Each structure stands twice: as structure tokens, then as C-alpha cells.
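Quick look at final38.txt (compact mmCIF, C-alpha atoms):
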# COMPACT_ATOMS: atom_id res chain seq x y z
CA MET A 628 -86.47 28.79 -72.23
CA ALA A 629 -85.79 25.06 -72.08
CA HIS A 630 -82.70 23.83 -70.24
CA LEU A 631 -80.01 23.03 -72.83
CA VAL A 632 -78.37 19.61 -72.52
CA ALA A 633 -75.28 19.22 -74.72
CA VAL A 634 -74.13 15.66 -75.41
CA LEU A 635 -70.49 15.39 -76.49
CA ALA A 636 -70.04 12.57 -79.00
CA LEU A 637 -66.46 11.38 -79.31
CA GLU A 638 -64.93 9.03 -81.86
CA GLY A 639 -66.21 5.51 -81.26
CA ALA A 640 -69.32 6.71 -79.43
CA ILE A 641 -71.37 3.85 -78.00
CA ALA A 642 -74.78 4.34 -79.57
CA PHE A 643 -76.87 3.20 -76.62
CA GLU A 644 -75.22 5.53 -74.11
CA LEU A 645 -75.16 8.36 -76.65
CA GLY A 646 -78.94 8.13 -77.08
CA ILE A 647 -79.90 8.01 -73.40
CA PRO A 648 -79.95 11.79 -72.73
CA ALA A 649 -82.15 12.54 -75.75
CA ARG A 650 -84.52 9.72 -74.85
CA ILE A 651 -84.92 10.66 -71.18
CA PHE A 652 -84.58 14.45 -71.18
CA GLY A 653 -86.37 14.70 -74.51
CA ASN A 654 -89.47 13.09 -73.01
CA ALA A 655 -89.75 15.50 -70.06
CA ARG A 656 -92.75 17.83 -70.42
CA ASP A 657 -94.45 20.39 -68.21
CA ASP A 658 -98.20 20.39 -67.47
CA ALA A 659 -98.88 22.17 -70.74
CA GLY A 660 -96.91 19.62 -72.73
CA ARG A 661 -93.99 21.93 -73.41
CA PRO A 662 -90.49 20.37 -73.47
CA LEU A 663 -88.45 21.07 -70.34
CA TYR A 664 -85.11 20.33 -72.00
CA GLU A 665 -83.51 20.93 -75.34
CA VAL A 666 -81.03 18.15 -76.15
CA ALA A 667 -78.33 18.72 -78.78
CA THR A 668 -75.31 16.66 -79.78
CA CYS A 669 -71.90 18.02 -80.68
CA THR A 670 -68.46 16.72 -81.60
CA LEU A 671 -65.00 18.12 -81.07
CA ASP A 672 -64.89 19.66 -84.54
CA GLY A 673 -68.51 19.65 -85.67
CA GLY A 674 -67.81 16.83 -88.09
CA PRO A 675 -69.19 13.26 -88.16
CA VAL A 676 -67.80 10.57 -85.89
CA ALA A 677 -67.82 6.79 -86.08
CA THR A 678 -69.76 4.88 -83.47
CA SER A 679 -68.82 1.59 -81.88
CA ALA A 680 -71.40 -0.02 -84.19
CA ASP A 681 -71.38 -0.19 -87.98
CA PHE A 682 -72.54 3.36 -88.64
CA ARG A 683 -71.38 6.96 -88.33
CA ILE A 684 -73.32 9.94 -87.01
CA ALA A 685 -73.42 13.48 -88.33
CA VAL A 686 -74.17 16.34 -85.92
CA ASP A 687 -75.23 19.96 -86.29
CA HIS A 688 -72.89 21.41 -83.68
CA GLY A 689 -69.23 21.74 -82.83
CA PRO A 690 -67.65 22.46 -79.43
CA GLU A 691 -69.13 25.97 -79.39
CA LEU A 692 -72.35 24.36 -78.18
CA LEU A 693 -70.65 23.68 -74.86
CA GLU A 694 -70.32 27.41 -74.19
CA ARG A 695 -74.07 27.88 -73.76
CA ALA A 696 -75.07 24.48 -72.39
CA ASP A 697 -76.72 24.24 -68.97
CA THR A 698 -75.77 20.56 -68.70
CA VAL A 699 -72.98 18.71 -70.53
CA VAL A 700 -73.10 14.92 -70.82
CA LEU A 701 -70.08 12.73 -71.65
CA PRO A 702 -71.30 9.26 -72.69
CA ALA A 703 -68.99 6.28 -73.00
CA SER A 704 -67.03 5.90 -76.22
CA ARG A 705 -63.94 4.24 -77.58
CA ASP A 706 -62.18 7.46 -76.59
CA SER A 707 -63.03 6.71 -72.97
CA ASP A 708 -61.93 3.08 -73.23
CA PRO A 709 -60.26 2.24 -69.90
CA ASP A 710 -57.75 0.02 -71.70
CA SER A 711 -56.06 3.22 -72.90
CA VAL A 712 -56.72 5.61 -70.06
CA ASP A 713 -54.32 8.38 -71.04
CA ALA A 714 -54.69 8.33 -74.81
CA PRO A 715 -58.26 9.70 -75.05
CA PHE A 716 -57.53 12.92 -73.18
CA THR A 717 -56.27 14.82 -76.19
CA PRO A 718 -55.53 18.54 -76.43
CA GLU A 719 -58.70 18.87 -78.52
CA LEU A 720 -60.81 17.34 -75.78
CA ALA A 721 -59.13 19.45 -73.11
CA ALA A 722 -59.83 22.58 -75.16
CA ALA A 723 -63.47 21.58 -75.61
CA LEU A 724 -63.95 21.03 -71.87
CA ARG A 725 -62.46 24.47 -71.17
CA ARG A 726 -65.27 25.97 -73.24
CA ILE A 727 -67.89 24.78 -70.75
CA ARG A 728 -69.24 27.84 -68.99
CA PRO A 729 -68.87 28.21 -65.20
CA GLY A 730 -71.86 26.83 -63.36
CA ALA A 731 -72.80 24.30 -66.00
CA ARG A 732 -73.67 20.83 -64.74
CA LEU A 733 -71.43 17.93 -65.84
CA MET A 734 -72.61 14.34 -66.22
CA SER A 735 -70.86 11.15 -67.35
CA ILE A 736 -72.35 7.84 -68.43
CA CYS A 737 -70.42 4.61 -67.89
CA THR A 738 -66.70 5.04 -68.65
CA GLY A 739 -67.20 8.68 -69.57
CA SER A 740 -66.16 9.26 -65.95
CA PHE A 741 -62.59 8.38 -66.97
CA LEU A 742 -62.54 11.56 -69.07
CA LEU A 743 -63.81 13.74 -66.24
CA ALA A 744 -61.23 12.19 -63.92
CA ALA A 745 -58.42 12.66 -66.44
CA ALA A 746 -59.36 16.34 -66.61
CA GLY A 747 -58.96 16.58 -62.83
CA LEU A 748 -62.63 17.50 -62.42
CA LEU A 749 -63.37 14.61 -60.04
CA ASP A 750 -60.46 15.08 -57.61
CA GLY A 751 -61.78 14.99 -54.06
CA ARG A 752 -65.31 14.30 -55.27
CA PRO A 753 -67.52 11.19 -55.27
CA ALA A 754 -67.80 9.30 -58.54
CA THR A 755 -68.54 5.90 -59.98
CA THR A 756 -68.01 4.02 -63.24
CA HIS A 757 -68.77 0.61 -64.74
CA TRP A 758 -68.14 -2.08 -62.12
CA ARG A 759 -65.80 -3.94 -64.45
CA TYR A 760 -63.34 -1.01 -64.41
CA THR A 761 -63.57 0.23 -60.84
CA GLU A 762 -60.23 -1.26 -59.74
CA LEU A 763 -58.45 0.31 -62.70
CA PHE A 764 -60.19 3.62 -62.05
CA ALA A 765 -59.14 3.59 -58.39
CA ARG A 766 -55.51 2.88 -59.28
CA THR A 767 -55.40 5.49 -62.02
CA PHE A 768 -57.23 8.27 -60.18
CA PRO A 769 -56.51 7.84 -56.46
CA LYS A 770 -57.71 11.37 -55.64
CA VAL A 771 -61.26 10.56 -56.71
CA LEU A 772 -63.67 9.32 -54.01
CA LEU A 773 -64.77 6.28 -55.98
CA ASP A 774 -67.92 4.42 -54.94
CA PRO A 775 -67.88 1.20 -56.99
CA ASP A 776 -71.26 -0.09 -55.83
CA VAL A 777 -73.79 2.62 -56.65
CA LEU A 778 -75.67 3.16 -59.91
CA TYR A 779 -74.83 6.85 -59.89
CA THR A 780 -73.39 9.67 -57.78
CA ASP A 781 -74.69 13.22 -57.38
CA ASP A 782 -72.27 15.86 -56.13
CA GLY A 783 -74.36 18.83 -57.15
CA ASP A 784 -72.77 20.15 -60.32
CA ILE A 785 -70.98 16.90 -61.24
CA LEU A 786 -72.79 13.58 -61.56
CA THR A 787 -71.50 10.19 -62.72
CA SER A 788 -73.18 6.89 -63.48
CA GLY A 789 -72.17 3.25 -63.62
CA GLY A 790 -72.30 1.03 -66.65
CA VAL A 791 -74.64 1.33 -69.62
CA ALA A 792 -78.27 1.41 -68.40
CA ALA A 793 -77.25 3.16 -65.19
CA GLY A 794 -77.17 6.23 -67.42
CA VAL A 795 -80.96 5.92 -67.60
CA ASP A 796 -81.13 5.92 -63.80
CA LEU A 797 -78.91 8.99 -63.64
CA CYS A 798 -80.89 10.97 -66.20
CA LEU A 799 -84.17 10.09 -64.47
CA HIS A 800 -82.61 11.21 -61.19
CA VAL A 801 -81.70 14.56 -62.74
CA VAL A 802 -85.23 15.03 -64.11
CA ARG A 803 -86.59 14.18 -60.66
CA ARG A 804 -84.17 16.63 -59.05
CA ASP A 805 -85.02 19.39 -61.52
CA HIS A 806 -88.78 18.97 -61.83
CA GLY A 807 -90.04 16.49 -59.23
CA SER A 808 -91.16 12.88 -59.12
CA ALA A 809 -94.34 13.33 -61.16
CA VAL A 810 -92.41 14.47 -64.25
CA ALA A 811 -89.71 11.80 -63.79
CA ASN A 812 -92.32 9.09 -63.33
CA ALA A 813 -94.10 10.18 -66.49
CA VAL A 814 -90.83 9.98 -68.43
CA ALA A 815 -90.13 6.53 -67.01
CA ARG A 816 -93.58 5.26 -67.96
CA ASN A 817 -93.22 6.61 -71.48
CA CYS A 818 -89.85 4.87 -71.84
CA LEU A 819 -91.11 1.64 -70.20
CA VAL A 820 -88.43 1.67 -67.52
CA PRO A 821 -88.79 1.71 -63.72
CA PRO A 822 -88.58 5.22 -62.24
CA TRP A 823 -86.31 3.84 -59.51
CA ARG A 824 -84.22 0.68 -59.32
CA ASP A 825 -83.49 -1.19 -56.10
CA GLY A 826 -79.88 -2.04 -55.35
CA GLY A 827 -76.72 -0.99 -57.08
CA GLN A 828 -73.96 -2.35 -59.30
CA LYS A 829 -72.94 -5.06 -56.84
CA GLN A 830 -75.79 -7.33 -57.88
CA TYR A 831 -74.40 -7.43 -61.43
CA VAL A 832 -70.79 -8.24 -60.58
CA GLU A 833 -69.69 -11.64 -61.84
CA ALA A 834 -68.70 -14.08 -59.10
CA PRO A 835 -65.07 -15.27 -59.29
CA SER A 836 -64.36 -18.85 -60.27
CA PRO A 837 -64.34 -20.80 -57.00
CA LEU A 838 -61.67 -23.28 -58.13
CA ALA A 839 -59.30 -20.91 -59.89
CA ALA A 840 -56.29 -22.14 -57.91
CA GLY A 841 -56.05 -25.48 -59.67
CA GLY A 842 -56.07 -29.03 -58.35
CA SER A 843 -53.56 -28.88 -55.50
CA GLY A 844 -53.52 -27.46 -51.99
CA THR A 845 -57.03 -26.70 -50.76
CA ALA A 846 -58.75 -27.08 -54.15
CA ALA A 847 -60.15 -30.56 -53.38
CA VAL A 848 -61.64 -29.32 -50.12
CA ARG A 849 -63.17 -26.34 -51.88
CA ALA A 850 -64.71 -28.64 -54.49
CA TRP A 851 -66.17 -30.77 -51.67
CA ALA A 852 -67.45 -27.67 -49.85
CA LEU A 853 -69.32 -26.54 -52.95
CA GLU A 854 -71.28 -29.79 -52.84
CA HIS A 855 -72.16 -29.29 -49.17
CA LEU A 856 -72.93 -25.58 -48.90
CA ASP A 857 -76.28 -26.37 -47.26
CA GLU A 858 -74.48 -28.04 -44.34
CA PRO A 859 -72.43 -26.53 -41.48
CA LEU A 860 -68.81 -26.21 -42.62
CA PRO A 861 -66.68 -25.63 -39.53
CA LEU A 862 -63.05 -24.71 -40.10
CA ARG A 863 -61.76 -27.76 -38.21
CA GLN A 864 -63.73 -30.11 -40.48
CA LEU A 865 -62.30 -28.47 -43.61
CA ALA A 866 -58.75 -28.58 -42.27
CA ASP A 867 -59.13 -32.26 -41.35
CA ARG A 868 -60.33 -33.10 -44.86
CA ALA A 869 -57.22 -31.39 -46.24
CA GLY A 870 -54.97 -33.25 -43.79
CA MET A 871 -53.64 -29.97 -42.38
CA SER A 872 -53.65 -28.12 -39.12
CA VAL A 873 -56.17 -25.28 -38.87
CA ARG A 874 -53.38 -22.70 -39.02
CA THR A 875 -51.72 -24.24 -42.09
CA PHE A 876 -55.04 -24.75 -43.84
CA THR A 877 -56.10 -21.16 -43.22
CA ARG A 878 -52.79 -19.82 -44.51
CA ARG A 879 -52.81 -22.02 -47.63
CA PHE A 880 -56.47 -21.21 -48.27
CA ARG A 881 -55.81 -17.46 -48.20
CA GLU A 882 -52.74 -17.82 -50.42
CA GLU A 883 -54.79 -19.71 -53.03
CA THR A 884 -58.05 -17.75 -52.95
CA GLY A 885 -57.21 -14.35 -51.47
CA ALA A 886 -59.86 -14.87 -48.78
CA SER A 887 -60.31 -16.65 -45.48
CA PRO A 888 -62.30 -19.90 -45.51
CA GLY A 889 -65.26 -18.17 -43.87
CA GLN A 890 -65.27 -15.33 -46.39
CA TRP A 891 -64.97 -17.73 -49.31
CA ILE A 892 -67.84 -19.93 -48.08
CA THR A 893 -70.10 -16.91 -47.60
CA THR A 894 -69.30 -15.75 -51.14
CA GLN A 895 -70.12 -19.16 -52.59
CA ARG A 896 -73.34 -19.38 -50.57
CA THR A 897 -74.32 -15.97 -51.89
CA GLU A 898 -73.64 -17.12 -55.44
CA ARG A 899 -75.69 -20.28 -54.86
CA ALA A 900 -78.55 -18.16 -53.52
CA ARG A 901 -78.36 -15.94 -56.60
CA GLN A 902 -78.59 -18.96 -58.89
CA LEU A 903 -81.56 -20.39 -57.00
CA LEU A 904 -83.38 -17.06 -57.03
CA GLU A 905 -82.80 -16.67 -60.76
CA ARG A 906 -83.52 -20.22 -61.90
CA THR A 907 -85.98 -21.88 -59.51
CA ASP A 908 -89.40 -21.37 -57.94
CA LEU A 909 -88.15 -22.16 -54.44
CA THR A 910 -89.46 -19.95 -51.67
CA ILE A 911 -87.09 -17.52 -49.98
CA ASP A 912 -86.94 -19.86 -46.95
CA GLN A 913 -86.04 -22.82 -49.17
CA VAL A 914 -83.38 -20.79 -50.97
CA ALA A 915 -81.92 -19.80 -47.62
CA ARG A 916 -81.71 -23.43 -46.46
CA GLN A 917 -80.32 -24.83 -49.71
CA SER A 918 -77.67 -22.12 -49.98
CA GLY A 919 -76.54 -22.65 -46.40
CA PHE A 920 -77.80 -19.42 -44.83
CA GLY A 921 -80.38 -21.30 -42.79
CA THR A 922 -83.11 -18.68 -42.48
CA ALA A 923 -84.73 -16.11 -44.73
CA ALA A 924 -83.64 -13.41 -42.31
CA SER A 925 -79.99 -14.46 -42.63
CA LEU A 926 -80.27 -14.57 -46.43
CA ARG A 927 -81.82 -11.10 -46.52
CA LEU A 928 -79.05 -9.78 -44.28
CA GLN A 929 -76.33 -11.22 -46.53
CA LEU A 930 -77.86 -10.00 -49.80
CA ARG A 931 -78.46 -6.55 -48.35
CA GLY A 932 -74.87 -6.39 -47.12
CA ARG A 933 -73.24 -7.78 -50.26
CA LEU A 934 -75.57 -6.74 -53.09
CA ASP A 935 -77.62 -3.96 -51.48
CA VAL A 936 -80.83 -5.65 -52.56
CA ALA A 937 -83.49 -7.87 -50.98
CA PRO A 938 -83.95 -11.48 -52.22
CA SER A 939 -87.40 -10.74 -53.66
CA ALA A 940 -86.13 -7.65 -55.51
CA TYR A 941 -83.17 -9.62 -56.86
CA ARG A 942 -85.52 -12.33 -58.15
CA ARG A 943 -87.73 -9.75 -59.88
CA THR A 944 -84.69 -8.24 -61.59
CA PHE A 945 -83.06 -11.45 -62.80
CA ARG A 946 -85.96 -13.81 -63.20
CA THR A 947 -85.27 -15.95 -66.29
CA THR A 948 -88.80 -17.37 -66.67
CA PRO A 949 -92.16 -15.60 -66.37
CA ALA A 950 -93.83 -15.76 -62.99
Just give me the structure of the file as C-alpha cells.
Amino acid sequence: MAHLVAVLALEGAIAFELGIPARIFGNARDDAGRPLYEVATCTLDGGPVATSADFRIAVDHGPELLERADTVVLPASRDSDPDSVDAPFTPELAAALRRIRPGARLMSICTGSFLLAAAGLLDGRPATTHWRYTELFARTFPKVLLDPDVLYTDDGDILTSGGVAAGVDLCLHVVRRDHGSAVANAVARNCLVPPWRDGGQKQYVEAPSPLAAGGSGTAAVRAWALEHLDEPLPLRQLADRAGMSVRTFTRRFREETGASPGQWITTQRTERARQLLERTDLTIDQVARQSGFGTAASLRLQLRGRLDVAPSAYRRTFRTTPA
């Protein structure tokens, strides 16, 4: 009998995330071409729900489906909107989750992890969510072992994924865990997605505005530094340009940016490297020199440490023009 995957569609379901389990698990076949999973969608009352788009969906199942499911998936929805963390966890949802049989596997996609955390199911366990909401998640659910950088977490019977397409990575991981790489690779080829992605969520995080502090204090020096990232930028030189002692400059700099001068410069050099990798044909060595890292080895070290990805892999992912 095929493994039953129940997808719980809540009001305001995000269509893309809602469709991921059916697309990935529904394409998994054994050597004889038989489906390895049965994917079914349910709602809290068996009735239709609105999506986040301009259409509604009707389903064939109510919460009773959860009682016989081998895996239950909670995709993102308006009901898991982090802007209203407590509101979505209604008595109806709590009752539905209690119907899940012992031993069933739980999975969340994107902000669906907020619902698992609100139910107390992630306390003391590793989890992730969309990078944009990781700080809110950490404040709201301090007992959860949040990893904000990974695409997904696997703690055996509970798995969570980061934002949007990371749900594809998670479902492929589960297929690989259940049936091996050959089956997962076949699913990935059929869906035209990579069977494995390098890196994690860090490479997608938006860089903060480097001049957010305004036009006073150290802002002028920071503006000058951005034009000279490919040159050595010793602390004494920066302090002199600001007309301050090193101690005063360092204190003012941290007050205005939340980082030390060295940390801020490294962040801006990383952002410059990202732009050059995305938008130019420069070699890795040239990118390293123009962004101020000096050598390709230093650039690789910084991108691995900050984004968990190599420069060449980053360029393949974000290339804006065909090679």
C-alpha cells in the first residue's frame, strides 16, 4: 500500500507551497512504475478554502484524513502568517492536529513551521522557517532550536523547510530518505529541478542598506569606503577621515551600524562580490580583487563562511545572463 501523505490546506493557502507535496511525492515511482505515495488534501472542516491567489479550492477530505496519514504536511498559508502569530492557532486547528496518529511524520513548508511551533511540537527540536521571519520566530518560540540558515531540517519524525521552493528540497530529501537517491533523482529530473542544491538560505538574504544611518557621524566615511572597497581600509585611516580618534570612531560606528568597522567592511565586500558574480563575466580572481578580498581563496573562504556556498556555485544560481 502506498504511503499516505495528507496535506492540510488552511484558509489563505499559498498555492505554490500547497502544490509541492503532490508534485514531488506524486511523481515518485518504483521500478514497476507503481506510485510510492498517495497524496490527498484536506481542510479543517472538509469544505472549500480560499487561497492567497484569486481562486478557491475544493477538497474531498476533512480532518479525518489526518487519522490515517503516514505523513502530514502543513504548507504556508495566511493562517500561518507570522504577522499574526497567535491568531492562526485556533481550537479547530488544535483539534485537527490532535487527530494525527502517533508515529506519523510531520512536515512544514515555509511559515507552516509557525503552526508546529505554536502547537509546542518543535520545543527542544531543530527547525527552520523563511529567512525573512527567523528573528520573529526566535523571539516567539525561544524553546525551538532554530537554524535560520539551512534549507530544511530533519529530526526524524518532524521536518521543517525554509521559504517557498525550499519545500521542494525538503520533499526530495524525504523521497531520498524513504526510497534512495535513484528514485529522488528521477523525480527531480521529471520536475526539472536539481536533486540537491548547494548552500542554504543565507545566500538569499537581502543585504542591509549600508548608509541607513543618515548623513552625519560616520556616514561620509562609509560612503567613501564603498568607493574604495578594493583597497586596504585600515581602521586608523577611516578614523582620520572622520576626524576622530580610533576609539571614538569605533564607538560611533557601532552605534550607527550595529557592527564594528571590520565587520561592516567585510559585509560590504561580500555584497560587492555577490553583485560582480551575478552581473559580470569577471573571473573569480578578478572578483576577489575588485571586491577587496584579494585572492580567490580568501573570497571562497568568506562566501563559504557567510553564505555556505562557493563563488562558482553562487554564480550558477544567480546568473542573470546566459553563459
inquiry  = Between A:Tyr779, A:Leu748, A:Leu631, A:Gly889, which residue has the minimum interatomic distance to Pro861 of chain A, considering only C-alpha atoms?
reply    =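 The closest residue to Pro861 of chain A is A:Gly889.
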message = Could you check the closest approach to Trp758 of chain A for each of A:Ala696, A:Val832, A:Ala722, A:Leu904 and tell me which residue wins, using only C-alpha atoms?
response = A:Val832
inquiry  = Could you tell me how far atom CA of Phe652 of chain A sits from atom CA of Arg705 of chain A, in Å to one decimal place?
reply    =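 We find that atom CA of Arg705 of chain A and atom CA of Phe652 of chain A lie 23.9 Å from each other.
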ask   = Between A:Ala847, A:Ala659, A:Leu701, A:Val777, which is the closest to Leu934 of chain A once you count all atoms listed in the file?
value = A:Val777
Cut-off 12 Å around (-73.8, 1.9, -61.9) with all atoms listed in the file: residues as a PyMOL selection string = chain A and resi 735-738+740+754-761+773-780+786-797+824-832
query = Using all atoms listed in the file, which residue out of A:Thr845, A:Leu860, A:Ala629, A:Asp657 lies closest to Thr875 of chain A?
reply =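 Looking at the shortest contact to Thr875 of chain A, the residue is A:Thr845.
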message = I'd like to know which of A:Arg752, A:Ala649, A:Val873, A:Gly747 is closest to Ser887 of chain A, using only C-alpha atoms.
response =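 When distances to Ser887 of chain A are compared using only C-alpha atoms, the smallest one comes from A:Val873.
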Supply segment 734-760 of chain A as a CSV table (one decimal), in the coordinates of the input, with N, CA, C and O atoms built in where the input has gaps.
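Dumped everything to rebuild-v4.csv:
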chain,number,residue,atom,x,y,z
A,734,MET,N,-72.2,15.7,-66.5
A,734,MET,CA,-72.6,14.3,-66.2
A,734,MET,C,-71.8,13.4,-67.1
A,734,MET,O,-71.4,13.7,-68.2
A,735,SER,N,-71.5,12.2,-66.5
A,735,SER,CA,-70.9,11.2,-67.4
A,735,SER,C,-71.7,9.9,-67.3
A,735,SER,O,-72.4,9.6,-66.3
A,736,ILE,N,-71.6,9.1,-68.4
A,736,ILE,CA,-72.4,7.8,-68.4
A,736,ILE,C,-71.3,6.8,-68.7
A,736,ILE,O,-70.5,6.8,-69.6
A,737,CYS,N,-71.3,5.8,-67.8
A,737,CYS,CA,-70.4,4.6,-67.9
A,737,CYS,C,-69.0,5.1,-67.8
A,737,CYS,O,-68.6,5.9,-66.9
A,738,THR,N,-68.1,4.7,-68.7
A,738,THR,CA,-66.7,5.0,-68.6
A,738,THR,C,-66.4,6.5,-69.1
A,738,THR,O,-65.2,6.9,-69.1
A,739,GLY,N,-67.4,7.3,-69.4
A,739,GLY,CA,-67.2,8.7,-69.6
A,739,GLY,C,-66.6,9.3,-68.3
A,739,GLY,O,-66.0,10.4,-68.4
A,740,SER,N,-66.8,8.7,-67.2
A,740,SER,CA,-66.2,9.3,-66.0
A,740,SER,C,-64.6,9.3,-66.0
A,740,SER,O,-64.0,10.1,-65.3
A,741,PHE,N,-64.0,8.4,-66.8
A,741,PHE,CA,-62.6,8.4,-67.0
A,741,PHE,C,-62.1,9.7,-67.6
A,741,PHE,O,-61.1,10.2,-67.2
A,742,LEU,N,-62.9,10.3,-68.5
A,742,LEU,CA,-62.5,11.6,-69.1
A,742,LEU,C,-62.6,12.7,-68.1
A,742,LEU,O,-61.8,13.6,-68.0
A,743,LEU,N,-63.7,12.7,-67.3
A,743,LEU,CA,-63.8,13.7,-66.2
A,743,LEU,C,-62.7,13.6,-65.2
A,743,LEU,O,-62.1,14.6,-64.8
A,744,ALA,N,-62.3,12.4,-64.9
A,744,ALA,CA,-61.2,12.2,-63.9
A,744,ALA,C,-59.9,12.6,-64.5
A,744,ALA,O,-59.1,13.2,-63.9
A,745,ALA,N,-59.7,12.3,-65.8
A,745,ALA,CA,-58.4,12.7,-66.4
A,745,ALA,C,-58.3,14.2,-66.5
A,745,ALA,O,-57.1,14.7,-66.5
A,746,ALA,N,-59.4,14.9,-66.6
A,746,ALA,CA,-59.4,16.3,-66.6
A,746,ALA,C,-59.2,16.9,-65.2
A,746,ALA,O,-59.0,18.2,-65.1
A,747,GLY,N,-59.1,16.1,-64.2
A,747,GLY,CA,-59.0,16.6,-62.8
A,747,GLY,C,-60.2,17.1,-62.2
A,747,GLY,O,-60.2,17.7,-61.1
A,748,LEU,N,-61.4,16.9,-62.9
A,748,LEU,CA,-62.6,17.5,-62.4
A,748,LEU,C,-63.3,16.7,-61.3
A,748,LEU,O,-64.2,17.2,-60.6
A,749,LEU,N,-62.8,15.5,-61.1
A,749,LEU,CA,-63.4,14.6,-60.0
A,749,LEU,C,-62.5,14.5,-58.8
A,749,LEU,O,-62.8,13.8,-57.8
A,750,ASP,N,-61.4,15.2,-58.8
A,750,ASP,CA,-60.5,15.1,-57.6
A,750,ASP,C,-61.2,15.5,-56.4
A,750,ASP,O,-61.8,16.6,-56.3
A,751,GLY,N,-61.1,14.7,-55.3
A,751,GLY,CA,-61.8,15.0,-54.1
A,751,GLY,C,-63.3,14.9,-54.1
A,751,GLY,O,-63.9,15.3,-53.1
A,752,ARG,N,-63.9,14.3,-55.1
A,752,ARG,CA,-65.3,14.3,-55.3
A,752,ARG,C,-65.8,12.9,-55.5
A,752,ARG,O,-65.0,12.0,-56.0
A,753,PRO,N,-67.0,12.5,-55.1
A,753,PRO,CA,-67.5,11.2,-55.3
A,753,PRO,C,-67.8,10.9,-56.7
A,753,PRO,O,-68.2,11.8,-57.5
A,754,ALA,N,-67.6,9.7,-57.1
A,754,ALA,CA,-67.8,9.3,-58.5
A,754,ALA,C,-67.9,7.8,-58.6
A,754,ALA,O,-67.6,7.1,-57.7
A,755,THR,N,-68.5,7.3,-59.7
A,755,THR,CA,-68.5,5.9,-60.0
A,755,THR,C,-68.3,5.7,-61.5
A,755,THR,O,-68.2,6.6,-62.3
A,756,THR,N,-68.2,4.4,-61.8
A,756,THR,CA,-68.0,4.0,-63.2
A,756,THR,C,-68.5,2.6,-63.4
A,756,THR,O,-69.0,2.0,-62.4
A,757,HIS,N,-68.3,2.0,-64.5
A,757,HIS,CA,-68.8,0.6,-64.7
A,757,HIS,C,-68.0,-0.3,-63.8
A,757,HIS,O,-66.8,-0.2,-63.6
A,758,TRP,N,-68.7,-1.2,-63.2
A,758,TRP,CA,-68.1,-2.1,-62.1
A,758,TRP,C,-66.9,-2.8,-62.6
A,758,TRP,O,-66.0,-3.1,-61.9
A,759,ARG,N,-66.9,-3.2,-63.9
A,759,ARG,CA,-65.8,-3.9,-64.4
A,759,ARG,C,-64.5,-3.2,-64.4
A,759,ARG,O,-63.4,-3.8,-64.4
A,760,TYR,N,-64.6,-1.8,-64.3
A,760,TYR,CA,-63.3,-1.0,-64.4
A,760,TYR,C,-63.1,-0.2,-63.1
A,760,TYR,O,-62.2,0.7,-63.1
